[in-house]
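To be precise, the following lines are input32.txt, and they hold compact mmCIF, C-alpha atoms.
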```txt
# COMPACT_ATOMS: atom_id res chain seq x y z
CA MET P 1095 74.98 113.44 126.72
CA ASP P 1096 74.59 111.30 123.60
CA ILE P 1097 76.51 113.22 120.97
CA GLY P 1098 75.96 110.46 118.42
CA ASN P 1099 72.23 111.10 118.38
CA ASN P 1100 71.14 114.29 120.09
CA GLY P 1101 74.32 116.30 120.58
CA ASP P 1102 74.74 118.81 123.39
CA ARG P 1103 71.36 119.57 125.00
CA THR P 1104 72.28 123.25 125.14
CA ASN P 1105 73.12 123.23 121.43
CA PRO P 1106 70.91 120.79 119.47
CA ASP P 1107 72.93 121.23 116.27
CA SER P 1108 76.29 120.29 117.80
CA GLY P 1109 75.85 116.54 117.29
CA GLN P 1110 74.85 116.83 113.65
CA THR P 1111 77.72 119.22 112.95
CA PHE P 1112 80.13 116.71 114.50
CA TRP P 1113 78.86 113.78 112.39
CA THR P 1114 78.52 115.78 109.16
CA GLY P 1115 82.29 116.21 109.06
CA LEU P 1116 82.95 112.53 109.74
CA ARG P 1117 80.51 111.39 107.05
CA THR P 1118 82.78 112.92 104.41
CA LEU P 1119 85.44 110.36 105.39
CA THR P 1120 83.42 107.15 105.19
CA GLN P 1121 80.48 105.51 103.44
CA ALA P 1122 79.53 103.76 106.68
CA ARG P 1123 76.25 104.72 108.33
CA ILE P 1124 77.25 106.78 111.35
CA GLY P 1125 75.44 109.31 113.51
CA LEU P 1126 72.05 108.43 112.08
CA GLY P 1127 70.11 110.30 114.71
CA ARG P 1128 66.96 109.28 116.55
CA ALA P 1129 63.23 109.91 116.38
CA GLY P 1130 61.88 108.82 119.73
CA ASP P 1131 62.96 105.20 120.14
CA ALA P 1132 63.57 104.64 116.42
CA LEU P 1133 65.62 105.92 113.52
CA PRO P 1134 64.43 109.00 111.63
CA THR P 1135 62.20 108.15 108.65
CA ARG P 1136 64.79 109.48 106.21
CA ARG P 1137 67.44 107.06 107.51
CA VAL P 1138 65.04 104.11 107.35
CA LEU P 1139 64.22 104.92 103.72
CA GLU P 1140 67.92 105.30 102.86
CA PHE P 1141 68.61 101.86 104.34
CA ALA P 1142 65.72 100.30 102.40
CA ALA P 1143 66.95 101.88 99.16
CA ALA P 1144 70.51 100.61 99.74
CA HIS P 1145 69.19 97.12 100.43
CA ALA P 1146 67.17 97.23 97.20
CA HIS P 1147 70.24 98.33 95.21
CA ALA P 1148 72.24 95.42 96.65
CA ARG P 1149 69.50 92.90 95.82
CA ASP P 1150 69.15 94.27 92.29
CA ALA P 1151 72.92 94.04 91.77
CA VAL P 1152 72.94 90.37 92.79
CA HIS P 1153 69.93 89.31 90.72
CA THR P 1154 70.35 91.40 87.56
CA ALA P 1155 71.82 89.47 84.62
CA LEU P 1156 74.60 90.81 82.42
CA ASP P 1157 73.60 92.02 78.96
CA VAL P 1158 76.29 89.99 77.19
CA THR P 1159 75.69 91.38 73.70
CA ALA P 1160 75.86 95.05 74.66
CA PHE P 1161 78.76 94.51 77.05
CA SER P 1162 80.78 92.49 74.53
CA ALA P 1163 80.37 95.27 71.98
CA ARG P 1164 81.92 97.75 74.40
CA ILE P 1165 84.84 95.41 75.06
CA ALA P 1166 85.37 94.74 71.35
CA ALA P 1167 85.64 98.50 70.78
CA LEU P 1168 88.81 98.55 72.91
CA GLY P 1169 90.71 96.69 70.20
CA LEU P 1170 91.56 93.35 71.80
CA GLY P 1171 89.35 91.36 69.45
CA GLU P 1172 85.81 90.04 69.60
CA PRO P 1173 85.21 88.68 73.13
CA ILE P 1174 84.40 85.01 73.63
CA HIS P 1175 81.39 84.26 75.84
CA ILE P 1176 81.79 81.35 78.25
CA PRO P 1177 78.98 80.52 80.71
CA SER P 1178 79.49 78.48 83.84
CA ARG P 1179 77.57 75.30 84.64
CA ALA P 1180 75.02 77.31 86.62
CA ARG P 1181 72.01 77.44 84.31
CA ASP P 1182 70.50 80.64 85.66
CA ARG P 1183 70.93 83.27 88.34
CA ALA P 1184 68.94 81.36 90.93
CA GLU P 1185 71.08 78.23 90.55
CA TYR P 1186 74.23 80.34 90.54
CA LEU P 1187 73.35 81.76 93.95
CA ARG P 1188 72.41 78.36 95.38
CA ARG P 1189 75.33 76.43 93.90
CA PRO P 1190 78.65 78.33 94.07
CA ASP P 1191 80.45 75.15 92.94
CA LEU P 1192 78.74 75.26 89.53
CA GLY P 1193 79.91 78.83 88.99
CA ARG P 1194 83.53 77.63 89.25
CA LEU P 1195 83.23 75.25 86.28
CA PRO P 1196 82.69 75.99 82.58
CA ALA P 1197 79.55 74.66 80.98
CA GLU P 1198 80.13 71.44 79.04
CA GLY P 1199 81.61 72.12 75.62
CA GLN P 1200 81.69 75.90 76.14
CA ILE P 1201 85.47 76.42 75.98
CA PRO P 1202 86.08 76.31 72.22
CA PHE P 1203 89.88 76.23 72.59
CA ASP P 1204 89.99 73.68 75.42
CA SER P 1205 91.58 70.84 73.49
CA THR P 1206 94.19 73.02 71.76
CA PRO P 1207 95.36 75.99 73.84
CA ILE P 1208 95.78 79.14 71.79
CA GLY P 1209 99.10 80.05 73.39
CA GLY P 1210 101.28 82.92 72.28
CA SER P 1211 99.89 85.42 74.82
CA SER P 1212 101.19 86.31 78.26
CA ILE P 1213 98.03 87.70 79.84
CA GLY P 1214 94.47 86.44 79.74
CA VAL P 1215 91.56 88.64 80.79
CA VAL P 1216 88.25 87.24 82.00
CA LEU P 1217 85.42 89.72 82.57
CA ALA P 1218 83.01 87.98 84.93
CA ASP P 1219 79.63 89.10 86.21
CA GLY P 1220 80.16 87.55 89.65
CA LEU P 1221 77.79 88.87 92.29
CA SER P 1222 77.30 92.27 90.65
CA ALA P 1223 76.81 92.49 86.89
CA ARG P 1224 76.23 96.19 87.49
CA ALA P 1225 79.81 96.57 88.71
CA LEU P 1226 81.19 94.84 85.63
CA THR P 1227 78.99 96.89 83.30
CA GLU P 1228 79.97 100.22 84.85
CA HIS P 1229 83.65 99.66 85.62
CA GLY P 1230 84.80 96.74 83.45
CA PRO P 1231 85.48 98.58 80.15
CA PRO P 1232 87.31 101.61 81.63
CA LEU P 1233 89.32 99.36 83.96
CA LEU P 1234 90.34 97.10 81.09
CA GLU P 1235 91.33 100.17 79.09
CA ALA P 1236 93.57 101.34 81.95
CA LEU P 1237 95.11 97.86 82.20
CA MET P 1238 95.77 97.74 78.45
CA GLU P 1239 97.60 101.05 78.57
CA LEU P 1240 100.08 99.71 81.11
CA LEU P 1241 100.31 96.07 80.02
CA ARG P 1242 100.52 96.29 76.24
CA PRO P 1243 104.05 97.74 76.08
CA ARG P 1244 105.39 94.73 78.03
CA TYR P 1245 102.99 91.82 77.52
CA SER P 1246 100.77 90.29 74.88
CA ILE P 1247 97.08 90.07 75.81
CA ALA P 1248 94.83 87.25 74.64
CA VAL P 1249 91.35 87.77 73.25
CA PRO P 1250 89.11 88.75 76.19
CA VAL P 1251 86.56 86.33 77.62
CA VAL P 1252 83.18 87.36 79.03
CA ALA P 1253 82.09 84.83 81.67
CA THR P 1254 78.55 84.65 83.04
CA GLN P 1255 77.18 83.07 86.23
CA ALA P 1256 80.88 83.03 87.09
CA ARG P 1257 82.93 82.58 90.22
CA VAL P 1258 86.63 83.46 90.40
CA ALA P 1259 87.86 79.88 89.90
CA LEU P 1260 86.25 79.72 86.45
CA GLY P 1261 89.19 81.84 85.34
CA ASP P 1262 91.57 78.97 86.14
CA HIS P 1263 89.94 76.77 83.49
CA ILE P 1264 89.85 79.60 80.97
CA GLY P 1265 93.44 80.70 81.62
CA ALA P 1266 94.74 77.14 81.31
CA ALA P 1267 92.84 76.64 78.06
CA LEU P 1268 94.14 79.93 76.67
CA GLY P 1269 97.68 78.87 77.52
CA VAL P 1270 98.51 82.21 79.17
CA SER P 1271 101.09 82.64 81.90
CA THR P 1272 98.83 84.90 83.98
CA VAL P 1273 95.07 85.30 84.07
CA LEU P 1274 93.21 88.33 85.39
CA VAL P 1275 89.60 87.87 86.45
CA LEU P 1276 87.73 91.18 86.63
CA ILE P 1277 84.63 90.28 88.62
CA GLY P 1278 81.69 91.99 90.31
CA GLU P 1279 82.14 91.82 94.08
CA ARG P 1280 79.46 91.01 96.63
CA PRO P 1281 77.29 94.13 97.09
CA GLY P 1282 76.93 95.70 100.49
CA LEU P 1283 74.69 98.37 101.94
CA SER P 1284 77.24 101.05 101.10
CA VAL P 1285 78.47 99.87 97.70
CA ALA P 1286 76.61 97.80 95.11
CA ASP P 1287 78.98 98.30 92.15
CA SER P 1288 82.44 97.34 93.40
CA LEU P 1289 84.76 95.45 91.05
CA GLY P 1290 87.70 93.23 91.95
CA ILE P 1291 90.71 91.87 90.04
CA TYR P 1292 91.93 88.36 90.87
CA LEU P 1293 95.37 87.51 89.52
CA THR P 1294 96.56 83.91 89.14
CA HIS P 1295 99.99 83.06 87.71
CA ARG P 1296 100.17 79.75 85.86
CA PRO P 1297 96.41 79.21 86.10
CA ARG P 1298 95.18 75.65 86.33
CA PRO P 1299 92.05 73.88 87.51
CA GLY P 1300 92.32 73.15 91.21
CA ALA P 1301 94.17 76.34 92.14
CA THR P 1302 93.10 77.73 95.51
CA ASP P 1303 92.60 81.23 96.86
CA ALA P 1304 96.09 80.98 98.36
CA ASP P 1305 97.40 80.93 94.77
CA ARG P 1306 95.82 84.28 93.88
CA ASN P 1307 96.24 87.97 94.57
CA CYS P 1308 93.31 90.35 94.75
CA VAL P 1309 92.93 94.06 94.05
CA SER P 1310 89.48 94.97 95.33
CA ASN P 1311 87.11 97.87 95.99
CA ILE P 1312 87.43 99.34 92.49
CA HIS P 1313 84.60 101.84 92.03
CA PRO P 1314 85.71 105.43 91.53
CA PRO P 1315 85.26 108.07 92.77
CA GLU P 1316 84.64 106.64 96.27
CA GLY P 1317 86.70 103.48 95.81
CA LEU P 1318 89.97 102.64 94.09
CA GLY P 1319 90.43 104.37 90.74
CA TYR P 1320 91.05 102.59 87.45
CA ARG P 1321 94.58 103.89 86.96
CA ARG P 1322 95.67 103.03 90.49
CA ALA P 1323 94.15 99.55 90.26
CA ALA P 1324 95.95 99.01 86.95
CA GLU P 1325 99.25 100.14 88.46
CA VAL P 1326 98.95 97.75 91.39
CA THR P 1327 97.96 94.89 89.08
CA THR P 1328 100.83 95.57 86.69
CA GLY P 1329 103.25 95.51 89.61
CA LEU P 1330 101.83 92.21 90.83
CA ILE P 1331 102.14 90.69 87.34
CA ALA P 1332 105.79 91.74 87.13
CA GLY P 1333 106.40 90.27 90.60
CA ALA P 1334 104.63 87.02 89.68
CA HIS P 1335 106.81 86.63 86.59
CA ARG P 1336 109.97 87.19 88.64
CA LEU P 1337 108.85 84.91 91.46
CA GLY P 1338 107.31 82.28 89.24
CA ARG P 1339 104.06 82.20 91.18
CA SER P 1340 101.30 84.33 92.64
CA GLY P 1341 99.42 84.13 95.92
CA VAL P 1342 100.46 84.47 99.52
CA GLU P 1343 104.17 84.83 98.72
CA LEU P 1344 103.59 87.68 96.28
CA LYS P 1345 103.13 91.10 97.87
CA ASP P 1346 102.05 94.46 96.54
CA MET P 1347 105.14 96.64 96.87
CA SER P 1348 103.73 99.63 95.00
CA ARG P 1349 103.10 101.60 98.19
CA GLU P 1350 106.47 100.84 99.77
CA GLN P 1351 108.45 103.99 100.47
CA GLU P 1352 111.89 104.35 101.89
CA LEU P 1353 111.62 105.26 105.55
CA PRO P 1354 113.46 108.40 106.61
CA GLY P 1355 116.71 107.92 108.49
CA PRO P 1356 117.27 109.03 112.10
CA ALA P 1357 116.94 112.74 112.71
CA ALA P 1358 120.19 114.70 112.89
CA PRO P 1359 121.17 115.67 116.46
CA LEU P 1360 120.45 119.23 117.51
CA ASP P 1361 123.39 121.60 117.89
CA GLU P 1362 123.87 123.74 120.98
CA SER P 1363 121.55 126.41 119.63
CA GLY P 1364 118.75 123.88 119.36
CA ARG P 1365 118.75 123.86 115.56
```

Starting from the coordinates I provided, produce the structure as structure tokens.
Amino acid sequence: MDIGNNGDRTNPDSGQTFWTGLRTLTQARIGLGRAGDALPTRRVLEFAAAHAHARDAVHTALDVTAFSARIAALGLGEPIHIPSRARDRAEYLRRPDLGRLPAEGQIPFDSTPIGGSSIGVVLADGLSARALTEHGPPLLEALMELLRPRYSIAVPVVATQARVALGDHIGAALGVSTVLVLIGERPGLSVADSLGIYLTHRPRPGATDADRNCVSNIHPPEGLGYRRAAEVTTGLIAGAHRLGRSGVELKDMSREQELPGPAAPLDESGR
């Protein structure tokens, strides 16, 4: 009996009933069924559509003007646009190294850091401009709500053809103690609009991934919600300021709960 495809031969619907319940718990492709020796046509078309969404997410460019207007409306000031050294999307995909460096002369405050702010925010297209467009503004709004009472936030930066490490150059030039890079994550066949937050304390060119912390899979309602992502990030920022660094030594303690103590012994009545 192959319950993953045909179910119980005496009850053809048993397999589909089994997998229907499990599909509510995951976005993975499970229990797809079978049509002869192949997948059902519907499943093949769903796969092709998901692949097209992922390709579109990777190749679509960010509308910087429209996106910057939405960010400016949040009240942090008019965003600064900083492109990487990758000249276009095709070069960005071929040359990840160029996406980690700012284009020549494109950091207007490079020679004289602005200073005076604790947190810098870089909104980067990454590998999914769609993710940044859909989730960037509401996520930044949730972050502002939690961060503003405790920290000062620099003018936001919109970075295009950007990799995470571009934030190190921008954060150092801004003179902030901590930089947050909100960036579109690599699309998959289940999710094409997932956003991640990369946190680096004391940002500087040459920092490695071991110097960062990441909050990923932000794409409500299926993924992490904006408020929860902001809470985790705020906790990491507070920890980085106490520890003096971010990265592998900084842990997310927001889910830590005190474990219950040993159960009390039963009395003679069994209670």

Atomic distance atom CA of P:Gly1214 - atom CA of P:Leu1170, expressed in Å with one decimal: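 A separation of 10.9 Å between them.
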
For P:Pro1299: contacts at 12 Å, only C-alpha atoms, fewer than 4 positions along chain excluded, given as a PyMOL selection string: chain P and resi 1194-1196+1258-1267+1294+1303+1305

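If you measure from each of P:Leu1289, P:Ala1184, P:Ile1213, P:Ala1218 to P:Tyr1320 using only C-alpha atoms, the closest one turns out to be P:Leu1289.
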
Shell of 8 Å around P:Val1249, only C-alpha atoms, local chain residues under 6 positions omitted, as a list in words: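 Contacts, in chain order: Leu1170, Gly1171, Glu1172, Pro1173, Ile1174, Gly1214 and Val1215 of chain P.
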
Proximity to P:Gln1255 - best of P:Glu1235, P:Asp1219, P:Glu1140, P:Glu1325, only C-alpha atoms: P:Asp1219

Nearest to P:Thr1272 by atom-to-atom distance, counting only C-alpha atoms, from P:Ser1246, P:Thr1111, P:Gln1121, P:Asn1311: P:Ser1246

Nearest to P:Leu1187 by atom-to-atom distance, counting all atoms listed in the file, from P:Arg1257, P:His1147, P:His1313, P:His1229: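 Looking at the shortest contact to P:Leu1187, the residue is P:Arg1257.
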
Residue nearest P:Ala1155 among P:Arg1128, P:Gly1317, P:Gly1278, P:Ala1197 (counting only C-alpha atoms):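 The shortest atom-to-atom distance to P:Ala1155 comes from P:Gly1278.
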
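Atom pair atom CA of P:Pro1231 / atom CA of P:Ile1247 has a distance of 15.0 Å (rounded to one decimal).
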
Long-range neighbours of P:Tyr1186 as number ranges by chain, 8 Å cut-off, only C-alpha atoms, 6 positions minimum in chain: P: 1180, 1192-1193, 1255-1256

Distance of atom CA of P:Leu1293 from atom CA of P:Gly1341, expressed in Å to one decimal place: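 Rounded to one decimal, the two atoms are 8.3 Å apart.
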
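Residues within 8 Å of P:Gly1329, counting all atoms listed in the file and excluding same-chain residues fewer than 5 positions away, are Asp1346, Met1347 and Ser1348 of chain P.
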
Shell of 12 Å around P:Ala1148, only C-alpha atoms, local chain residues under 4 positions omitted, as a ChimeraX atom specification: /P:1141-1144,1152-1154,1221-1225,1278-1288

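Distances to P:Arg1322 were evaluated for P:Ser1310, P:Gln1200, P:Ser1271, P:Thr1135 using only C-alpha atoms, and the minimum falls at P:Ser1310.
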
Box time for stretch 1301-1317 of chain P: axis-aligned, enclosing all its listed atoms, 3 Å extra on each side; report centre and edge lengths in Å to one decimal, as JSON.
```
{"center_x": 91.0, "center_y": 92.2, "center_z": 94.9, "size_x": 18.8, "size_y": 37.7, "size_z": 12.8}
```
